[in-house]
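Text of protein_6.tsv, listed as TSV, C-alpha atoms:
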chain	number	residue	atom	x	y	z
W	166	MET	CA	0.11	21.62	-3.07
W	167	GLU	CA	3.88	21.39	-2.99
W	168	TYR	CA	3.96	17.80	-4.27
W	169	THR	CA	1.92	18.67	-7.39
W	170	LEU	CA	4.47	21.34	-8.37
W	171	HIS	CA	7.33	18.90	-7.93
W	172	LEU	CA	5.68	15.98	-9.76
W	173	SER	CA	4.41	18.23	-12.56
W	174	LYS	CA	8.00	18.61	-13.76
W	175	ASP	CA	7.40	15.14	-15.22
W	176	LYS	CA	5.15	15.78	-18.25
W	177	LYS	CA	3.53	12.33	-18.09
W	178	LEU	CA	2.60	12.79	-14.43
W	179	LYS	CA	1.47	16.36	-15.03
W	180	LYS	CA	-1.24	15.03	-17.34
W	181	LEU	CA	-2.44	12.67	-14.63
W	182	ILE	CA	-2.39	15.44	-12.01
W	183	ASP	CA	-4.31	17.80	-14.30
W	184	HIS	CA	-6.84	15.06	-14.97
W	185	HIS	CA	-7.37	13.79	-11.41
W	186	GLY	CA	-6.70	16.84	-9.25
W	187	THR	CA	-5.03	16.74	-5.84
W	188	ILE	CA	-4.86	13.70	-3.56
W	189	THR	CA	-4.47	13.60	0.21
W	190	LEU	CA	-2.92	10.91	2.38
W	191	LYS	CA	-4.53	10.24	5.74
W	192	LYS	CA	-3.28	8.49	8.86
W	193	GLN	CA	-5.11	5.43	10.20
W	194	LYS	CA	-5.32	5.25	13.97
W	195	ASN	CA	-5.35	1.49	14.41
W	196	ILE	CA	-2.32	-0.04	12.67
W	197	CYS	CA	-3.14	-3.57	13.82
W	198	THR	CA	-6.65	-3.46	12.30
W	199	TYR	CA	-5.30	-1.89	9.11
W	200	LEU	CA	-2.80	-4.73	8.71
W	201	CYS	CA	-5.46	-7.38	9.42
W	202	ALA	CA	-7.73	-5.80	6.78
W	203	SER	CA	-4.85	-5.76	4.26
W	204	ILE	CA	-4.27	-9.48	4.75
W	205	MET	CA	-7.99	-10.24	4.43
W	206	SER	CA	-8.22	-8.32	1.15
W	207	GLN	CA	-5.27	-10.05	-0.59
W	208	GLN	CA	-6.22	-11.73	-3.90
W	209	LEU	CA	-9.83	-10.59	-3.53
W	210	SER	CA	-11.89	-8.01	-5.39
W	211	THR	CA	-12.57	-4.81	-3.41
W	212	LYS	CA	-16.26	-5.74	-3.18
W	213	VAL	CA	-15.64	-9.18	-1.66
W	214	ALA	CA	-12.92	-7.80	0.64
W	215	ASP	CA	-15.33	-5.12	1.95
W	216	VAL	CA	-17.98	-7.76	2.72
W	217	ILE	CA	-15.50	-9.95	4.63
W	218	TYR	CA	-14.10	-6.99	6.54
W	219	GLN	CA	-17.64	-5.92	7.57
W	220	ARG	CA	-18.33	-9.46	8.81
W	221	PHE	CA	-15.06	-9.26	10.76
W	222	LEU	CA	-16.16	-6.01	12.46
W	223	ASN	CA	-19.59	-7.50	13.16
W	224	LEU	CA	-17.90	-10.17	15.30
W	225	TYR	CA	-16.98	-7.31	17.67
W	226	GLY	CA	-20.27	-5.41	17.64
W	227	GLY	CA	-19.35	-3.42	14.53
W	228	ASN	CA	-16.25	-1.91	16.16
W	229	GLU	CA	-12.55	-2.29	15.40
W	230	PRO	CA	-11.32	-5.00	17.77
W	231	THR	CA	-8.28	-4.79	20.00
W	232	ALA	CA	-5.39	-7.12	19.25
W	233	GLU	CA	-6.33	-9.07	22.39
W	234	GLN	CA	-9.88	-9.62	21.06
W	235	VAL	CA	-8.57	-10.91	17.73
W	236	VAL	CA	-6.21	-13.39	19.42
W	237	ALA	CA	-9.07	-14.58	21.66
W	238	THR	CA	-11.37	-15.24	18.67
W	239	ALA	CA	-11.67	-18.93	17.78
W	240	HIS	CA	-10.06	-20.06	14.51
W	241	GLU	CA	-13.44	-21.51	13.34
W	242	THR	CA	-15.19	-18.19	13.98
W	243	LEU	CA	-12.74	-16.36	11.70
W	244	ARG	CA	-12.98	-19.15	9.10
W	245	ALA	CA	-16.76	-18.73	9.10
W	246	ILE	CA	-16.59	-15.10	7.87
W	247	GLY	CA	-14.90	-16.29	4.67
W	248	LEU	CA	-11.19	-16.37	5.52
W	249	SER	CA	-8.90	-19.22	4.44
W	250	ASN	CA	-7.00	-21.19	7.09
W	251	ALA	CA	-3.80	-19.35	6.10
W	252	LYS	CA	-5.41	-15.91	6.39
W	253	VAL	CA	-6.86	-16.74	9.82
W	254	SER	CA	-3.33	-17.64	10.98
W	255	TYR	CA	-1.83	-14.49	9.45
W	256	VAL	CA	-4.47	-12.19	11.00
W	257	GLN	CA	-3.86	-13.76	14.42
W	258	ASN	CA	-0.07	-13.50	13.86
W	259	VAL	CA	-0.51	-9.74	13.35
W	260	ALA	CA	-2.57	-9.37	16.52
W	261	ARG	CA	-0.09	-11.46	18.52
W	262	PHE	CA	2.82	-9.38	17.24
W	263	ALA	CA	0.97	-6.17	18.20
W	264	ILE	CA	0.55	-7.47	21.75
W	265	GLU	CA	4.09	-8.83	22.15
W	266	HIS	CA	6.13	-6.20	20.28
W	267	GLY	CA	3.81	-3.22	19.66
W	268	MET	CA	2.87	-1.44	16.44
W	269	GLU	CA	1.44	1.84	17.66
W	270	HIS	CA	2.11	5.11	15.84
W	271	THR	CA	4.53	6.32	18.51
W	272	ARG	CA	6.74	3.25	18.00
W	273	LEU	CA	6.61	3.22	14.17
W	274	HIS	CA	7.01	6.99	13.94
W	275	LYS	CA	10.58	6.69	15.24
W	276	MET	CA	11.53	4.32	12.39
W	277	ASP	CA	12.33	5.23	8.80
W	278	ASP	CA	10.48	3.43	5.96
W	279	GLU	CA	12.94	0.55	5.57
W	280	GLU	CA	13.04	-0.02	9.35
W	281	VAL	CA	9.23	-0.27	9.43
W	282	ILE	CA	9.37	-2.78	6.54
W	283	THR	CA	12.03	-4.87	8.31
W	284	TYR	CA	10.11	-4.71	11.60
W	285	LEU	CA	6.68	-5.71	10.27
W	286	THR	CA	7.77	-8.30	7.68
W	287	GLN	CA	8.93	-10.42	10.62
W	288	ILE	CA	5.25	-11.34	10.90
W	289	LYS	CA	4.43	-14.47	8.90
W	290	GLY	CA	1.93	-13.48	6.21
W	291	VAL	CA	3.09	-9.86	5.95
W	292	GLY	CA	5.21	-9.07	2.90
W	293	ARG	CA	7.04	-5.98	1.72
W	294	TRP	CA	4.20	-4.80	-0.55
W	295	THR	CA	1.69	-4.95	2.33
W	296	VAL	CA	3.96	-2.80	4.52
W	297	GLU	CA	4.54	-0.32	1.66
W	298	MET	CA	0.75	0.14	1.43
W	299	LEU	CA	0.64	0.60	5.21
W	300	LEU	CA	3.39	3.23	5.02
W	301	MET	CA	1.39	5.19	2.46
W	302	PHE	CA	-2.18	4.73	3.62
W	303	ALA	CA	-1.85	4.30	7.38
W	304	LEU	CA	1.35	6.15	8.32
W	305	LYS	CA	1.07	8.90	5.67
W	306	ARG	CA	4.67	8.48	4.49
W	307	GLU	CA	5.05	10.57	1.34
W	308	ASP	CA	8.07	9.00	-0.35
W	309	VAL	CA	7.27	5.31	-0.77
W	310	PHE	CA	7.73	3.67	-4.17
W	311	ALA	CA	5.86	0.38	-4.68
W	312	LEU	CA	8.31	-1.17	-7.14
W	313	ASP	CA	6.62	-4.59	-7.20
W	314	ASP	CA	3.05	-3.33	-7.54
W	315	LEU	CA	1.54	-4.59	-10.80
W	316	GLY	CA	-0.63	-1.49	-11.28
W	317	VAL	CA	2.39	0.82	-10.93
W	318	GLN	CA	4.41	-1.40	-13.29
W	319	ASN	CA	1.71	-1.51	-15.96
W	320	ALA	CA	1.17	2.24	-15.84
W	321	MET	CA	4.91	2.90	-16.16
W	322	ILE	CA	5.23	0.44	-19.07
W	323	ALA	CA	2.47	2.31	-20.90
W	324	LEU	CA	3.47	5.86	-20.01
W	325	TYR	CA	7.26	5.57	-20.21
W	326	LYS	CA	7.48	2.88	-22.92
W	327	LEU	CA	9.31	0.47	-20.62
W	328	ASP	CA	9.88	-3.18	-21.44
W	329	ARG	CA	9.65	-5.86	-18.75
W	330	THR	CA	11.39	-8.63	-20.77
W	331	ASP	CA	14.63	-8.12	-18.86
W	332	LYS	CA	13.40	-8.00	-15.27
W	333	LYS	CA	16.58	-6.51	-13.82
W	334	LYS	CA	16.74	-3.71	-16.39
W	335	PHE	CA	13.01	-3.07	-16.02
W	336	ARG	CA	13.37	-2.54	-12.26
W	337	GLU	CA	16.41	-0.31	-12.78
W	338	ASP	CA	14.45	1.80	-15.31
W	339	MET	CA	11.54	2.15	-12.89
W	340	LEU	CA	13.85	3.21	-10.06
W	341	ARG	CA	15.69	5.67	-12.29
W	342	ILE	CA	12.44	7.37	-13.38
W	343	SER	CA	11.00	7.33	-9.84
W	344	LYS	CA	14.10	9.02	-8.38
W	345	LYS	CA	12.98	12.29	-9.96
W	346	TRP	CA	9.68	12.05	-8.07
W	347	SER	CA	11.34	11.90	-4.64
W	348	PRO	CA	10.40	13.05	-1.95
W	349	TYR	CA	6.80	12.54	-3.14
W	350	ARG	CA	6.84	9.06	-4.65
W	351	SER	CA	3.75	7.91	-2.70
W	352	TYR	CA	1.67	10.50	-4.54
W	353	ALA	CA	3.24	9.48	-7.87
W	354	CYS	CA	2.14	5.87	-7.22
W	355	MET	CA	-1.37	7.05	-6.47
W	356	TYR	CA	-1.57	8.88	-9.79
W	357	LEU	CA	-0.22	5.82	-11.59
W	358	TRP	CA	-2.98	3.68	-10.02
W	359	ARG	CA	-5.52	6.21	-11.19
W	360	TRP	CA	-4.16	5.92	-14.72
W	361	LYS	CA	-5.03	2.21	-14.65
W	362	ASP	CA	-8.56	2.82	-13.37
W	363	ASN	CA	-9.33	5.76	-15.60
W	364	PRO	CA	-6.73	6.49	-18.26
W	365	PRO	CA	-6.56	10.18	-19.18
W	366	PRO	CA	-6.09	11.27	-22.81
W	367	LEU	CA	-2.39	10.85	-23.65
W	368	LYS	CA	-2.26	11.65	-27.32
W	369	ASN	CA	0.62	14.09	-27.13
W	370	ARG	CA	3.20	11.72	-25.72
Would you mind writing the structure in this file as structure tokens?
Amino acid sequence: MEYTLHLSKDKKLKKLIDHHGTITLKKQKNICTYLCASIMSQQLSTKVADVIYQRFLNLYGGNEPTAEQVVATAHETLRAIGLSNAKVSYVQNVARFAIEHGMEHTRLHKMDDEEVITYLTQIKGVGRWTVEMLLMFALKREDVFALDDLGVQNAMIALYKLDRTDKKKFREDMLRISKKWSPYRSYACMYLWRWKDNPPPLKNR
């Protein structure tokens, strides 16, 4: 894998790559459903998020709904599967935006990463972090760096001995280190998340 060769130039990342093996990014067909699921899962454990998402699919016979179906679903029905009032509004905002402006692959494919972020963060309830995850896990963009992700930050503090006391300097340090990972920063983030879940032996730092 070309990205493993590039990222392995960084000794800290090489240990993670050796420990976890190769990773693949996949495209998701339905961007609207992916974004709705992302909103549903915010501030929830993976287990709870999975249960709520399954209940959501069950409203539509176990299938991914169209944006039109989501908009046509009563607010109370979506509340009843375990969503807060705010999340119901955000999910329906996403579906409405998909109908009115479009978010199919063909449209987003023509935009670079920052353009996709600007385009989709117009939707109330969709922030930059959510779109960065979409770029990685739904659009298969290989060079996204999730600067504000807590898991990425914590891993970089531990691995690169960074200090977050001075927020501005901390962000600059993260960006400086991540520059070397380009054009494969999405994969670097995925290895950093794996460090948090299952830290490899790092005695020889």
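When only C-alpha atoms are used to measure the gap to W:Asp314, the shortest distance among W:Met355, W:Val216, W:Ala263, W:Ile196 belongs to W:Met355.
Residues having any atom no farther than 9 Å from (-15.0, -3.4, 9.4) (counting all atoms listed in the file) are Thr198, Ala202, Asp215, Val216, Ile217, Tyr218, Gln219, Arg220, Phe221, Leu222, Asn223, Gly227, Asn228 and Glu229 of chain W.
Interatomic distance, atom CA of W:Leu170 to atom CA of W:Ile342: 16.8 Å.
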Could you list, as number ranges by chain, every residue within 8 Å of W:Lys191, counting only C-alpha atoms and ignoring same-chain residues fewer than 3 positions away?
W: 302-305
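Rounded to one decimal, atom CA of W:Ile288 and atom CA of W:Ile246 lie 22.4 Å from each other.
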With all atoms listed in the file as the basis for distance, which of W:Arg272, W:Trp294, W:Tyr225, W:Val256 is at the shortest distance from W:His240?
W:Val256
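For the pair atom CA of W:Asp175 and atom CA of W:Glu279, the separation is 26.0 Å.
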Within 12 Å of W:Ser249, counting all atoms listed in the file, which residues show up once you throw out same-chain ones fewer than 3 positions away? Write them as a ChimeraX atom specification, please.
/W:204-209,217,240-246,252-256
With distances taken over all atoms listed in the file, which of W:Ala251, W:Cys197, W:Leu299, W:Leu224 is nearest to W:Glu269?
W:Cys197
Taking 6 positions as the minimum chain separation for residues in the same chain, which residues sit within 10 Å of W:Ile188 when counting all atoms listed in the file? Answer as an mmCIF file with C-alpha atoms, in the coordinates of the input.
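And here is the file that came out, selection-v3.cif:
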data_model
loop_
_atom_site.group_PDB
_atom_site.id
_atom_site.type_symbol
_atom_site.label_atom_id
_atom_site.label_comp_id
_atom_site.auth_asym_id
_atom_site.auth_seq_id
_atom_site.Cartn_x
_atom_site.Cartn_y
_atom_site.Cartn_z
ATOM 1 C CA MET W 166 0.110 21.620 -3.070
ATOM 2 C CA TYR W 168 3.960 17.800 -4.270
ATOM 3 C CA THR W 169 1.920 18.670 -7.390
ATOM 4 C CA ILE W 182 -2.390 15.440 -12.010
ATOM 5 C CA TYR W 352 1.670 10.500 -4.540
ATOM 6 C CA MET W 355 -1.370 7.050 -6.470
ATOM 7 C CA TYR W 356 -1.570 8.880 -9.790
#
Among W:Tyr199, W:Trp346, W:Trp358, W:Phe262, W:Gly316 is approached most closely, using all atoms listed in the file, by W:Trp358
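Residues surrounding W:Met268 within 10 Å are Asn195, Ile196, Cys197, Val259, Ala260, Phe262, Ala263, Ile264, Glu265, His266, His270, Thr271, Arg272, Leu273, His274, Val281, Tyr284 and Leu285 of chain W [only C-alpha atoms; sequence separation below 2 positions excluded].
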I'd like the contact shell of W:Arg350 - 9 Å cut-off, all atoms listed in the file, skipping same-chain residues fewer than 6 positions apart - returned as a count of residues only.
8
Centre and edge lengths, as AutoDock Vina command-line options, for the axis-aligned box enclosing every listed atom of stretch 315-329 of chain W with 8 Å of padding on each of the six sides, in Å to one decimal?
--center_x 4.6 --center_y 0.0 --center_z -16.9 --size_x 26.5 --size_y 27.7 --size_z 28.1
